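Everything below belongs to target-v3.txt, which stores compact mmCIF, C-alpha atoms.
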# COMPACT_ATOMS: atom_id res chain seq x y z
CA MET R 1 -10.44 65.60 -222.79
CA ASN R 2 -6.83 66.69 -222.99
CA PHE R 3 -4.06 64.76 -224.78
CA LEU R 4 -3.15 62.64 -221.74
CA GLU R 5 -6.73 61.74 -220.85
CA GLU R 6 -7.27 60.71 -224.47
CA ARG R 7 -4.19 58.52 -224.38
CA ILE R 8 -5.20 56.89 -221.09
CA GLY R 9 -8.66 56.27 -222.52
CA LYS R 10 -7.10 54.63 -225.58
CA ASP R 11 -4.19 52.64 -224.09
CA GLY R 12 -4.76 52.47 -220.31
CA ILE R 13 -5.97 49.16 -218.89
CA VAL R 14 -8.23 48.99 -215.83
CA ARG R 15 -7.70 46.03 -213.50
CA GLU R 16 -9.42 44.83 -210.33
CA GLY R 17 -8.36 46.60 -207.13
CA ASN R 18 -8.30 50.09 -208.64
CA VAL R 19 -5.22 49.33 -210.71
CA LEU R 20 -4.69 51.45 -213.82
CA LYS R 21 -1.97 50.09 -216.09
CA VAL R 22 -0.34 52.73 -218.26
CA ASP R 23 2.89 50.85 -218.80
CA SER R 24 2.67 50.85 -222.59
CA PHE R 25 3.37 54.61 -222.75
CA LEU R 26 4.15 56.02 -219.29
CA ASN R 27 6.06 53.86 -216.83
CA HIS R 28 7.66 50.84 -218.51
CA GLN R 29 7.62 51.66 -222.20
CA MET R 30 7.83 55.45 -222.48
CA ASP R 31 6.42 57.60 -225.28
CA ILE R 32 8.85 60.49 -225.41
CA ARG R 33 6.70 62.65 -227.71
CA LEU R 34 3.89 62.36 -225.13
CA PHE R 35 6.37 63.37 -222.40
CA GLU R 36 7.21 66.47 -224.47
CA GLN R 37 3.53 67.45 -224.52
CA MET R 38 3.42 66.96 -220.76
CA GLY R 39 6.52 69.11 -220.22
CA GLU R 40 5.08 71.85 -222.42
CA GLU R 41 1.79 71.77 -220.51
CA TRP R 42 3.48 72.01 -217.09
CA LYS R 43 5.58 74.91 -218.37
CA ARG R 44 2.33 76.66 -219.28
CA ARG R 45 0.68 75.91 -215.93
CA PHE R 46 3.72 76.96 -213.87
CA ALA R 47 4.54 79.96 -216.08
CA GLY R 48 4.51 82.47 -213.22
CA ARG R 49 6.81 80.42 -211.01
CA SER R 50 10.53 80.90 -210.59
CA ILE R 51 11.90 77.35 -210.74
CA ASN R 52 15.59 76.40 -210.74
CA LYS R 53 15.43 72.64 -210.11
CA ILE R 54 13.19 69.64 -210.70
CA LEU R 55 13.00 66.90 -208.08
CA THR R 56 11.60 63.45 -208.83
CA ILE R 57 11.87 59.91 -207.47
CA GLU R 58 13.21 56.76 -209.06
CA ALA R 59 12.38 55.02 -211.22
CA SER R 60 9.37 55.96 -213.30
CA GLY R 61 9.46 59.69 -212.48
CA ILE R 62 12.89 60.15 -214.02
CA GLY R 63 12.05 60.05 -217.71
CA ILE R 64 9.12 62.44 -217.38
CA ALA R 65 11.17 64.81 -215.21
CA CYS R 66 14.11 64.88 -217.64
CA ILE R 67 11.95 65.76 -220.63
CA ALA R 68 10.02 68.37 -218.58
CA ALA R 69 13.36 69.90 -217.51
CA GLN R 70 14.03 70.89 -221.11
CA TYR R 71 11.07 73.31 -220.97
CA PHE R 72 12.26 74.86 -217.70
CA ASP R 73 15.98 74.71 -218.59
CA VAL R 74 16.93 73.36 -215.15
CA PRO R 75 18.74 70.28 -213.80
CA VAL R 76 16.88 67.28 -212.38
CA VAL R 77 17.65 65.55 -209.08
CA PHE R 78 16.12 62.17 -208.42
CA ALA R 79 15.53 60.80 -204.93
CA LYS R 80 16.88 57.29 -204.49
CA LYS R 81 15.04 54.48 -202.78
CA SER R 82 17.18 52.77 -200.21
CA LYS R 83 16.55 49.92 -197.84
CA SER R 84 19.78 50.57 -195.93
CA ILE R 85 19.38 51.22 -192.22
CA ASN R 86 22.73 52.98 -192.08
CA ILE R 87 22.79 55.90 -194.44
CA ALA R 88 25.84 58.12 -194.64
CA GLY R 89 25.29 61.51 -193.02
CA ASP R 90 25.44 63.62 -196.15
CA VAL R 91 21.88 62.97 -197.27
CA TYR R 92 18.36 64.14 -196.59
CA VAL R 93 16.13 61.17 -195.68
CA ALA R 94 12.38 60.63 -195.78
CA GLU R 95 10.36 57.49 -195.13
CA VAL R 96 7.91 56.51 -197.86
CA GLU R 97 5.31 53.78 -197.63
CA SER R 98 4.74 51.93 -200.90
CA PHE R 99 1.14 51.16 -201.80
CA THR R 100 2.21 48.71 -204.54
CA HIS R 101 4.88 46.82 -202.63
CA LYS R 102 3.39 47.10 -199.11
CA ASN R 103 6.64 48.15 -197.49
CA VAL R 104 8.47 51.23 -196.22
CA ASN R 105 11.46 52.60 -198.09
CA GLN R 106 13.85 55.29 -197.15
CA VAL R 107 14.18 57.89 -199.84
CA ILE R 108 17.40 59.88 -199.95
CA VAL R 109 18.87 62.91 -201.69
CA SER R 110 22.46 64.08 -201.31
CA ARG R 111 22.85 67.37 -199.44
CA ASP R 112 25.13 68.48 -202.29
CA PHE R 113 22.24 68.81 -204.72
CA LEU R 114 19.49 70.57 -202.78
CA GLY R 115 19.77 73.66 -200.57
CA PRO R 116 18.10 76.89 -199.38
CA GLU R 117 18.65 78.52 -202.78
CA ASP R 118 16.46 75.98 -204.54
CA ARG R 119 12.96 76.69 -205.85
CA VAL R 120 11.77 73.27 -206.72
CA LEU R 121 9.21 71.77 -209.08
CA ILE R 122 8.39 68.22 -207.98
CA ILE R 123 7.45 65.85 -210.83
CA ASP R 124 6.12 62.30 -210.61
CA ASP R 125 4.12 59.90 -212.74
CA PHE R 126 1.42 58.88 -210.25
CA LEU R 127 -0.35 60.35 -207.24
CA ALA R 128 -2.56 58.09 -205.12
CA ASN R 129 -2.29 58.35 -201.33
CA GLY R 130 0.46 60.97 -201.59
CA CYS R 131 3.12 59.18 -199.52
CA ALA R 132 5.90 59.54 -202.08
CA LEU R 133 5.01 63.18 -202.60
CA GLN R 134 5.06 63.92 -198.88
CA GLY R 135 8.52 62.37 -198.72
CA LEU R 136 9.76 64.62 -201.52
CA ILE R 137 8.19 67.71 -199.93
CA SER R 138 9.86 66.80 -196.63
CA ILE R 139 13.24 66.54 -198.38
CA VAL R 140 12.87 70.01 -199.96
CA GLU R 141 11.90 71.40 -196.53
CA GLN R 142 14.89 69.71 -194.84
CA ALA R 143 17.08 71.43 -197.45
CA GLY R 144 15.49 74.80 -196.67
CA GLY R 145 14.27 75.10 -200.25
CA ILE R 146 10.84 76.10 -201.56
CA VAL R 147 8.35 73.83 -203.31
CA GLU R 148 7.13 76.06 -206.15
CA GLY R 149 4.78 73.48 -207.55
CA ILE R 150 4.01 69.82 -208.12
CA GLY R 151 3.40 68.27 -211.54
CA ILE R 152 1.77 64.83 -211.72
CA ALA R 153 0.86 62.83 -214.80
CA VAL R 154 -1.98 60.68 -213.42
CA GLU R 155 -3.81 61.37 -210.17
CA LYS R 156 -6.17 58.82 -208.69
CA GLY R 157 -8.84 61.28 -207.63
CA PHE R 158 -10.70 58.67 -205.58
CA GLN R 159 -7.73 58.38 -203.19
CA ASN R 160 -6.94 61.15 -200.74
CA GLY R 161 -3.43 62.23 -201.77
CA GLY R 162 -4.47 65.03 -204.12
CA LYS R 163 -6.90 66.64 -201.68
CA MET R 164 -4.35 66.45 -198.86
CA ILE R 165 -1.62 68.11 -200.93
CA ARG R 166 -3.96 70.85 -202.22
CA ASP R 167 -5.21 71.48 -198.66
CA MET R 168 -1.58 72.08 -197.65
CA GLY R 169 -1.60 74.98 -200.12
CA TYR R 170 0.61 73.62 -202.88
CA GLN R 171 -0.05 74.28 -206.56
CA LEU R 172 -0.63 70.71 -207.69
CA GLU R 173 -1.12 70.23 -211.43
CA SER R 174 -2.22 66.72 -212.35
CA LEU R 175 -2.60 66.34 -216.10
CA ALA R 176 -5.23 63.61 -215.74
CA ILE R 177 -7.39 63.03 -212.65
CA VAL R 178 -9.19 59.70 -212.64
CA ASP R 179 -12.34 59.88 -210.52
CA ALA R 180 -13.59 56.37 -211.20
CA MET R 181 -12.70 53.25 -213.18
CA ASP R 182 -14.63 50.09 -213.95
CA PRO R 183 -12.58 46.90 -214.45
CA GLN R 184 -15.59 45.17 -216.02
CA THR R 185 -16.23 47.68 -218.80
CA GLY R 186 -12.78 49.31 -218.83
CA LYS R 187 -14.48 52.70 -218.57
CA ILE R 188 -12.48 55.54 -216.99
CA ILE R 189 -14.13 58.73 -215.72
CA PHE R 190 -11.93 61.83 -215.58
CA ARG R 191 -12.54 64.88 -213.43
CA GLU R 192 -13.77 67.90 -215.44
CA MET X 1 39.08 65.54 -225.07
CA ASN X 2 35.40 65.48 -225.99
CA PHE X 3 32.64 67.30 -224.09
CA LEU X 4 31.97 64.42 -221.68
CA GLU X 5 35.64 63.78 -220.88
CA GLU X 6 36.03 67.48 -220.20
CA ARG X 7 33.05 67.46 -217.85
CA ILE X 8 34.30 64.36 -216.01
CA GLY X 9 37.72 65.99 -215.67
CA LYS X 10 36.09 69.10 -214.23
CA ASP X 11 33.35 67.66 -211.98
CA GLY X 12 34.12 63.96 -211.52
CA ILE X 13 35.54 62.87 -208.16
CA VAL X 14 37.94 59.95 -207.84
CA ARG X 15 37.66 57.83 -204.68
CA GLU X 16 39.60 54.86 -203.32
CA GLY X 17 38.61 51.49 -204.79
CA ASN X 18 38.33 52.70 -208.38
CA VAL X 19 35.20 54.68 -207.63
CA LEU X 20 34.40 57.57 -209.97
CA LYS X 21 31.65 59.82 -208.67
CA VAL X 22 29.79 61.68 -211.40
CA ASP X 23 26.62 62.23 -209.41
CA SER X 24 26.66 66.02 -209.73
CA PHE X 25 25.79 65.82 -213.44
CA LEU X 26 25.10 62.23 -214.54
CA ASN X 27 23.42 59.87 -212.08
CA HIS X 28 21.87 61.72 -209.15
CA GLN X 29 21.71 65.33 -210.27
CA MET X 30 21.31 65.30 -214.04
CA ASP X 31 22.48 67.97 -216.48
CA ILE X 32 19.91 67.72 -219.26
CA ARG X 33 21.86 69.92 -221.70
CA LEU X 34 24.79 67.51 -221.33
CA PHE X 35 22.42 64.59 -221.99
CA GLU X 36 21.34 66.35 -225.20
CA GLN X 37 24.97 66.49 -226.35
CA MET X 38 25.28 62.79 -225.58
CA GLY X 39 22.12 61.94 -227.53
CA GLU X 40 23.33 63.95 -230.51
CA GLU X 41 26.72 62.21 -230.43
CA TRP X 42 25.17 58.72 -230.30
CA LYS X 43 22.88 59.65 -233.19
CA ARG X 44 26.01 60.55 -235.17
CA ARG X 45 27.84 57.34 -234.22
CA PHE X 46 24.85 55.07 -234.95
CA ALA X 47 23.81 56.99 -238.08
CA GLY X 48 23.87 53.93 -240.35
CA ARG X 49 21.77 51.81 -238.01
CA SER X 50 18.06 51.17 -238.26
CA ILE X 51 16.83 51.56 -234.68
CA ASN X 52 13.19 51.48 -233.55
CA LYS X 53 13.54 51.18 -229.77
CA ILE X 54 15.88 52.13 -226.93
CA LEU X 55 16.32 49.75 -224.00
CA THR X 56 17.84 50.85 -220.70
CA ILE X 57 17.80 49.78 -217.06
CA GLU X 58 16.54 51.58 -213.98
CA ALA X 59 17.33 53.91 -212.45
CA SER X 60 20.19 56.03 -213.72
CA GLY X 61 19.99 54.91 -217.35
CA ILE X 62 16.45 56.24 -217.77
CA GLY X 63 17.13 59.96 -218.04
CA ILE X 64 19.95 59.55 -220.53
CA ALA X 65 17.90 57.10 -222.60
CA CYS X 66 14.85 59.40 -222.73
CA ILE X 67 16.83 62.38 -223.96
CA ALA X 68 18.73 60.21 -226.48
CA ALA X 69 15.39 58.87 -227.74
CA GLN X 70 14.49 62.34 -229.00
CA TYR X 71 17.34 62.13 -231.54
CA PHE X 72 16.24 58.68 -232.75
CA ASP X 73 12.49 59.40 -232.50
CA VAL X 74 11.79 56.06 -230.83
CA PRO X 75 10.18 54.91 -227.55
CA VAL X 76 12.24 53.83 -224.54
CA VAL X 77 11.71 50.67 -222.51
CA PHE X 78 13.40 50.36 -219.16
CA ALA X 79 14.23 47.03 -217.54
CA LYS X 80 13.07 46.83 -213.94
CA LYS X 81 15.13 45.45 -211.11
CA SER X 82 13.21 42.92 -209.08
CA LYS X 83 14.11 40.86 -206.07
CA SER X 84 10.96 38.75 -206.38
CA ILE X 85 11.50 35.02 -206.75
CA ASN X 86 8.09 34.57 -208.32
CA ILE X 87 7.77 36.66 -211.44
CA ALA X 88 4.62 36.53 -213.52
CA GLY X 89 5.06 34.66 -216.79
CA ASP X 90 4.65 37.58 -219.14
CA VAL X 91 8.17 38.94 -218.77
CA TYR X 92 11.67 38.32 -220.04
CA VAL X 93 14.08 37.78 -217.13
CA ALA X 94 17.84 38.09 -216.78
CA GLU X 95 20.02 37.78 -213.70
CA VAL X 96 22.38 40.67 -213.07
CA GLU X 97 25.11 40.79 -210.46
CA SER X 98 25.61 44.22 -208.92
CA PHE X 99 29.20 45.32 -208.42
CA THR X 100 28.12 48.21 -206.17
CA HIS X 101 25.66 46.34 -203.98
CA LYS X 102 27.29 42.87 -204.05
CA ASN X 103 24.07 41.05 -204.79
CA VAL X 104 22.14 39.45 -207.65
CA ASN X 105 19.01 41.08 -209.02
CA GLN X 106 16.54 39.81 -211.51
CA VAL X 107 15.97 42.27 -214.30
CA ILE X 108 12.65 42.06 -216.12
CA VAL X 109 10.97 43.48 -219.21
CA SER X 110 7.35 42.84 -220.16
CA ARG X 111 6.90 40.68 -223.27
CA ASP X 112 4.43 43.30 -224.50
CA PHE X 113 7.18 45.83 -225.18
CA LEU X 114 9.94 43.88 -226.91
CA GLY X 115 9.63 41.40 -229.78
CA PRO X 116 11.21 40.00 -232.98
CA GLU X 117 10.43 43.22 -234.87
CA ASP X 118 12.65 45.29 -232.57
CA ARG X 119 16.04 46.69 -233.58
CA VAL X 120 17.35 47.92 -230.29
CA LEU X 121 19.84 50.52 -229.11
CA ILE X 122 20.88 49.76 -225.53
CA ILE X 123 21.78 52.83 -223.45
CA ASP X 124 23.28 52.97 -219.96
CA ASP X 125 25.29 55.38 -217.84
CA PHE X 126 28.15 53.10 -216.76
CA LEU X 127 30.00 50.07 -218.06
CA ALA X 128 32.42 48.24 -215.75
CA ASN X 129 32.30 44.43 -215.68
CA GLY X 130 29.44 44.36 -218.18
CA CYS X 131 26.97 42.32 -216.10
CA ALA X 132 24.06 44.72 -216.52
CA LEU X 133 24.74 44.97 -220.25
CA GLN X 134 24.83 41.20 -220.68
CA GLY X 135 21.47 41.03 -218.93
CA LEU X 136 19.98 43.57 -221.36
CA ILE X 137 21.48 41.78 -224.38
CA SER X 138 20.02 38.51 -223.11
CA ILE X 139 16.57 40.12 -222.84
CA VAL X 140 16.72 41.41 -226.44
CA GLU X 141 17.78 37.92 -227.58
CA GLN X 142 14.96 36.25 -225.63
CA ALA X 143 12.58 38.61 -227.44
CA GLY X 144 14.04 37.60 -230.82
CA GLY X 145 15.08 41.21 -231.45
CA ILE X 146 18.40 42.58 -232.74
CA VAL X 147 20.89 44.63 -230.74
CA GLU X 148 21.87 47.31 -233.26
CA GLY X 149 24.26 49.04 -230.90
CA ILE X 150 25.18 49.94 -227.36
CA GLY X 151 25.70 53.50 -226.12
CA ILE X 152 27.45 54.05 -222.78
CA ALA X 153 28.31 57.33 -221.10
CA VAL X 154 31.30 56.27 -218.98
CA GLU X 155 33.25 53.05 -219.49
CA LYS X 156 35.80 51.90 -216.94
CA GLY X 157 38.41 50.75 -219.44
CA PHE X 158 40.48 49.02 -216.76
CA GLN X 159 37.65 46.53 -216.14
CA ASN X 160 36.86 43.82 -218.65
CA GLY X 161 33.25 44.60 -219.64
CA GLY X 162 34.05 46.74 -222.67
CA LYS X 163 36.52 44.30 -224.19
CA MET X 164 34.12 41.40 -223.64
CA ILE X 165 31.21 43.20 -225.34
CA ARG X 166 33.37 44.35 -228.29
CA ASP X 167 34.76 40.80 -228.69
CA MET X 168 31.16 39.59 -229.00
CA GLY X 169 30.92 41.80 -232.11
CA TYR X 170 28.64 44.56 -230.86
CA GLN X 171 29.09 48.20 -231.86
CA LEU X 172 29.78 49.66 -228.43
CA GLU X 173 30.11 53.42 -228.28
CA SER X 174 31.31 54.70 -224.91
CA LEU X 175 31.53 58.48 -224.86
CA ALA X 176 34.31 58.47 -222.24
CA ILE X 177 36.62 55.54 -221.52
CA VAL X 178 38.57 55.89 -218.28
CA ASP X 179 41.81 53.91 -218.45
CA ALA X 180 43.19 54.95 -215.08
CA MET X 181 42.35 57.14 -212.10
CA ASP X 182 44.38 58.27 -209.11
CA PRO X 183 42.45 58.93 -205.87
CA GLN X 184 45.48 60.79 -204.43
CA THR X 185 45.86 63.37 -207.18
CA GLY X 186 42.34 63.09 -208.65
CA LYS X 187 43.90 62.63 -212.09
CA ILE X 188 41.85 60.72 -214.69
CA ILE X 189 43.40 59.25 -217.84
CA PHE X 190 41.06 58.76 -220.79
CA ARG X 191 41.64 56.38 -223.70
CA GLU X 192 42.63 58.20 -226.91

Before anything else, please render the file you have as structure tokens.
Amino acid sequence: MNFLEERIGKDGIVREGNVLKVDSFLNHQMDIRLFEQMGEEWKRRFAGRSINKILTIEASGIGIACIAAQYFDVPVVFAKKSKSINIAGDVYVAEVESFTHKNVNQVIVSRDFLGPEDRVLIIDDFLANGCALQGLISIVEQAGGIVEGIGIAVEKGFQNGGKMIRDMGYQLESLAIVDAMDPQTGKIIFRE
Amino acid sequence: MNFLEERIGKDGIVREGNVLKVDSFLNHQMDIRLFEQMGEEWKRRFAGRSINKILTIEASGIGIACIAAQYFDVPVVFAKKSKSINIAGDVYVAEVESFTHKNVNQVIVSRDFLGPEDRVLIIDDFLANGCALQGLISIVEQAGGIVEGIGIAVEKGFQNGGKMIRDMGYQLESLAIVDAMDPQTGKIIFRE
């Protein structure tokens, strides 16, 4: 087990409905030393890639992305969730369905901060059905940029997002892939 | 002028209605090296304080808070904005009026991550009328914790939030205080 799998095993809480709570260290309270280990590990895994920007999505991706950015020495742009129907013209827009909140949000990034010169590393905390990630990929494509790679903290391997993204040919590096969880025993099985 | 005032002077954009856009380096695209300077400066200004946690609010406070946390070697908790009327019982709640969006949000923090043992540094990107800050202070008080200090990137000195918070006795350290801005000329006057 790597450092993140160990931490999830120690502090993650499994709930009914395939819910994995990691809010004591990842997405409500944030362990910055853990984020540093994650940033270092992504830097290692994307060592051959030429990356000049990190893209993430509010809110829980931001902290992880900012710490990771220190290892790549690049700025971070975060996509904003917006319910507005009328969005000013100077933004890229993607529609993202939320699994947690059962609704559709528009996700926007200003055209000022993403363009054809950008080689982008996408960072997020969770990957389940891949909707948020597809929205971010769409935004990079609208900008004419290149997705150099995708770094995820926790992938739910029993949902189809990871397979779909890998089948599209992207280098997707999830630091922990959960293949099964049992809310009765609390046991979590990680992919080898 | 300090490093942040210089950067605002160079890259900030003044718009009608007392709007200061700093989204190319602070709250949409984020310059992580600048955030490191900010963290270092807050560490200097709060040197005498015993701080064991940083509290911020989603979304644009998170990146700044995470980088600042490296200088204090503490975890970060971010308050979540929620429109839900029915909030589960295990959270502290504060109501926060949004100046930008003209609505009232509930802001919540899990009771698991803030308690009487916490000596808290509150970090946020902007201070105008102080509503968000009062919400965060209220949450620390509900938890029985102590607000050791408040670090803000940009304070709008011509609005009353800063005065109000200082009058309450808090050590408020805003790295740039804008006393006036002119949308015609783009000129920004900082407090000495």

**Message:** Env of segment 114-119 of chain R: 8 Å cut, atoms = all atoms listed in the file, seq-sep filter 6 positions within chain, self excluded. Answer as a VMD selection string.
**Reply:** chain R and resid 50 to 53 140 143 to 148

**Message:** Using all atoms listed in the file and a distance of at most 9 Å, pull out the residues of chain X that contact chain R, as a VMD selection string.
**Reply:** chain X and resid 24 to 25 27 to 33 58 to 60 62 to 67 69 to 70 73 to 80 109 to 110 112 to 113

For Phe3 of chain R, please output as a JSON list (two decimals) with C-alpha atoms, in the frame of the given file all residues within 10 Å (counting all atoms listed in the file; exclusion window: fewer than 5 positions along the same chain).
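Saved as part24.json:
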[["chain", "number", "residue", "atom", "x", "y", "z"],
["R", 8, "ILE", "CA", -5.20, 56.89, -221.09],
["R", 9, "GLY", "CA", -8.66, 56.27, -222.52],
["R", 34, "LEU", "CA", 3.89, 62.36, -225.13],
["R", 37, "GLN", "CA", 3.53, 67.45, -224.52],
["R", 38, "MET", "CA", 3.42, 66.96, -220.76],
["R", 175, "LEU", "CA", -2.60, 66.34, -216.10],
["R", 176, "ALA", "CA", -5.23, 63.61, -215.74]]

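For the choices R:Gln171, R:Lys187, R:Ile122, R:Ile108, the atom-to-atom distance to Gly48 of chain R is smallest for R:Gln171 when using all atoms listed in the file.
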
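Going from atom CA of Lys21 of chain X to atom CA of Met168 of chain X covers 28.7 Å.
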
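Across the model, the gap from atom CA of Met164 of chain R to atom CA of Gly151 of chain R is 15.0 Å.
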
Put a box with edges along x, y and z around all the listed atoms of segment 145-148 of chain R, pad it by 4 Å on each side, then give me its centre and sizes in Å, one decimal, as JSON.
{"center_x": 10.7, "center_y": 75.0, "center_z": -203.2, "size_x": 15.1, "size_y": 10.3, "size_z": 13.9}

**Request:** Could you please determine the separation between atom CA of Phe158 of chain R and atom CA of Asp179 of chain R in Å, to one decimal place?
**Result:** 5.3 Å

**Message:** So that I can see what lies close to Val22 of chain X, please list as a PyMOL selection string the residues with an atom at most 8 Å from it, counting all atoms listed in the file and leaving out residues fewer than 6 positions away in the same chain.
**Reply:** chain X and resi 8+11-13

Could those selected residues go to a file with C-alpha atoms, as a PDB file, in the coordinates of the input?
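And here is the file that came out, result17.pdb:
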ATOM      1  CA  ILE X   8      34.300  64.360-216.010  1.00  0.00           C
ATOM      2  CA  ASP X  11      33.350  67.660-211.980  1.00  0.00           C
ATOM      3  CA  GLY X  12      34.120  63.960-211.520  1.00  0.00           C
ATOM      4  CA  ILE X  13      35.540  62.870-208.160  1.00  0.00           C
TER       5      ILE X  13
END

**Request:** Might you pull out every residue within 6 Å of segment 92-96 of chain R, with all atoms listed in the file counted and same-chain residues fewer than 6 positions away left off, and present them as a VMD selection string?
**Result:** chain R and resid 104 to 109 131 to 132 135 139

**Prompt:** Could you tell me, as a list in words, which residues have any atom at most 9 Å from (-0.9, 74.7, -214.5), counting only C-alpha atoms?
**Reply:**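 Every polymer residue passing the test: Glu41, Trp42, Lys43, Arg44, Arg45, Phe46, Ala47, Gly151, Gln171, Leu172, Glu173, Ser174 and Leu175 of chain R.
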
Let's have the selection written as a compact mmCIF listing (two decimals), keeping the file's coordinate frame, with C-alpha atoms.
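The result, stored in selection-v4.txt:
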# COMPACT_ATOMS: atom_id res chain seq x y z
CA GLU R 41 1.79 71.77 -220.51
CA TRP R 42 3.48 72.01 -217.09
CA LYS R 43 5.58 74.91 -218.37
CA ARG R 44 2.33 76.66 -219.28
CA ARG R 45 0.68 75.91 -215.93
CA PHE R 46 3.72 76.96 -213.87
CA ALA R 47 4.54 79.96 -216.08
CA GLY R 151 3.40 68.27 -211.54
CA GLN R 171 -0.05 74.28 -206.56
CA LEU R 172 -0.63 70.71 -207.69
CA GLU R 173 -1.12 70.23 -211.43
CA SER R 174 -2.22 66.72 -212.35
CA LEU R 175 -2.60 66.34 -216.10

**Item:** Nearest residue to Val14 of chain R from the set R:Leu121, R:Arg191, R:Met181, R:Asn2 (distances using all atoms listed in the file)
**Value:** R:Met181

**Request:** Go ahead and find all residues with at least one atom no further than 12 Å from (-16.1, 43.9, -220.0) in the file's coordinates, using all atoms listed in the file; report them as a ChimeraX atom specification.
**Result:** /R:13-16,182-187

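The nearest approach to Glu141 of chain X among the residues X:Val120, X:Ile188, X:Ile165, X:Ser82, with all atoms listed in the file taken into account, belongs to X:Val120.
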
**Request:** Compare X:Ala128, X:His101, X:Gln142, X:Glu40 by their minimum atom-to-atom distance to Gly162 of chain X, counting all atoms listed in the file, and give me the closest one.
**Result:**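 Under the stated criterion, the closest residue is X:Ala128.
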
Model the absent atoms of segment 23-35 of chain R so that N, CA, C and O atoms are present, and write the result as a short mmCIF file (atom, residue, chain, number, x, y, z; two decimals), in the coordinates of the input.
data_model
loop_
_atom_site.label_atom_id
_atom_site.label_comp_id
_atom_site.auth_asym_id
_atom_site.auth_seq_id
_atom_site.Cartn_x
_atom_site.Cartn_y
_atom_site.Cartn_z
N ASP R 23 1.49 51.17 -218.57
CA ASP R 23 2.89 50.85 -218.80
C ASP R 23 3.26 50.74 -220.27
O ASP R 23 4.43 50.56 -220.59
N SER R 24 2.30 50.86 -221.17
CA SER R 24 2.67 50.85 -222.59
C SER R 24 3.14 52.21 -223.08
O SER R 24 3.73 52.32 -224.16
N PHE R 25 2.93 53.27 -222.28
CA PHE R 25 3.37 54.61 -222.75
C PHE R 25 3.94 55.49 -221.64
O PHE R 25 4.59 56.49 -221.92
N LEU R 26 3.75 55.10 -220.36
CA LEU R 26 4.15 56.02 -219.29
C LEU R 26 5.24 55.50 -218.36
O LEU R 26 6.17 56.24 -218.04
N ASN R 27 5.12 54.25 -217.89
CA ASN R 27 6.06 53.86 -216.83
C ASN R 27 6.73 52.50 -217.00
O ASN R 27 7.24 51.93 -216.02
N HIS R 28 6.78 52.01 -218.23
CA HIS R 28 7.66 50.84 -218.51
C HIS R 28 8.19 51.05 -219.92
O HIS R 28 9.38 51.27 -220.11
N GLN R 29 7.28 51.06 -220.91
CA GLN R 29 7.62 51.66 -222.20
C GLN R 29 7.22 53.14 -222.11
O GLN R 29 6.21 53.47 -221.50
N MET R 30 8.06 54.01 -222.65
CA MET R 30 7.83 55.45 -222.48
C MET R 30 7.75 56.14 -223.83
O MET R 30 8.66 56.03 -224.65
N ASP R 31 6.64 56.86 -224.04
CA ASP R 31 6.42 57.60 -225.28
C ASP R 31 6.98 59.01 -225.09
O ASP R 31 6.37 59.85 -224.43
N ILE R 32 8.13 59.25 -225.68
CA ILE R 32 8.85 60.49 -225.41
C ILE R 32 8.14 61.71 -226.00
O ILE R 32 8.18 62.79 -225.43
N ARG R 33 7.45 61.53 -227.13
CA ARG R 33 6.70 62.65 -227.71
C ARG R 33 5.54 63.05 -226.78
O ARG R 33 5.23 64.24 -226.65
N LEU R 34 4.93 62.07 -226.14
CA LEU R 34 3.89 62.36 -225.13
C LEU R 34 4.50 63.12 -223.94
O LEU R 34 3.92 64.09 -223.44
N PHE R 35 5.70 62.69 -223.51
CA PHE R 35 6.37 63.37 -222.40
C PHE R 35 6.65 64.84 -222.76
O PHE R 35 6.60 65.72 -221.91
#
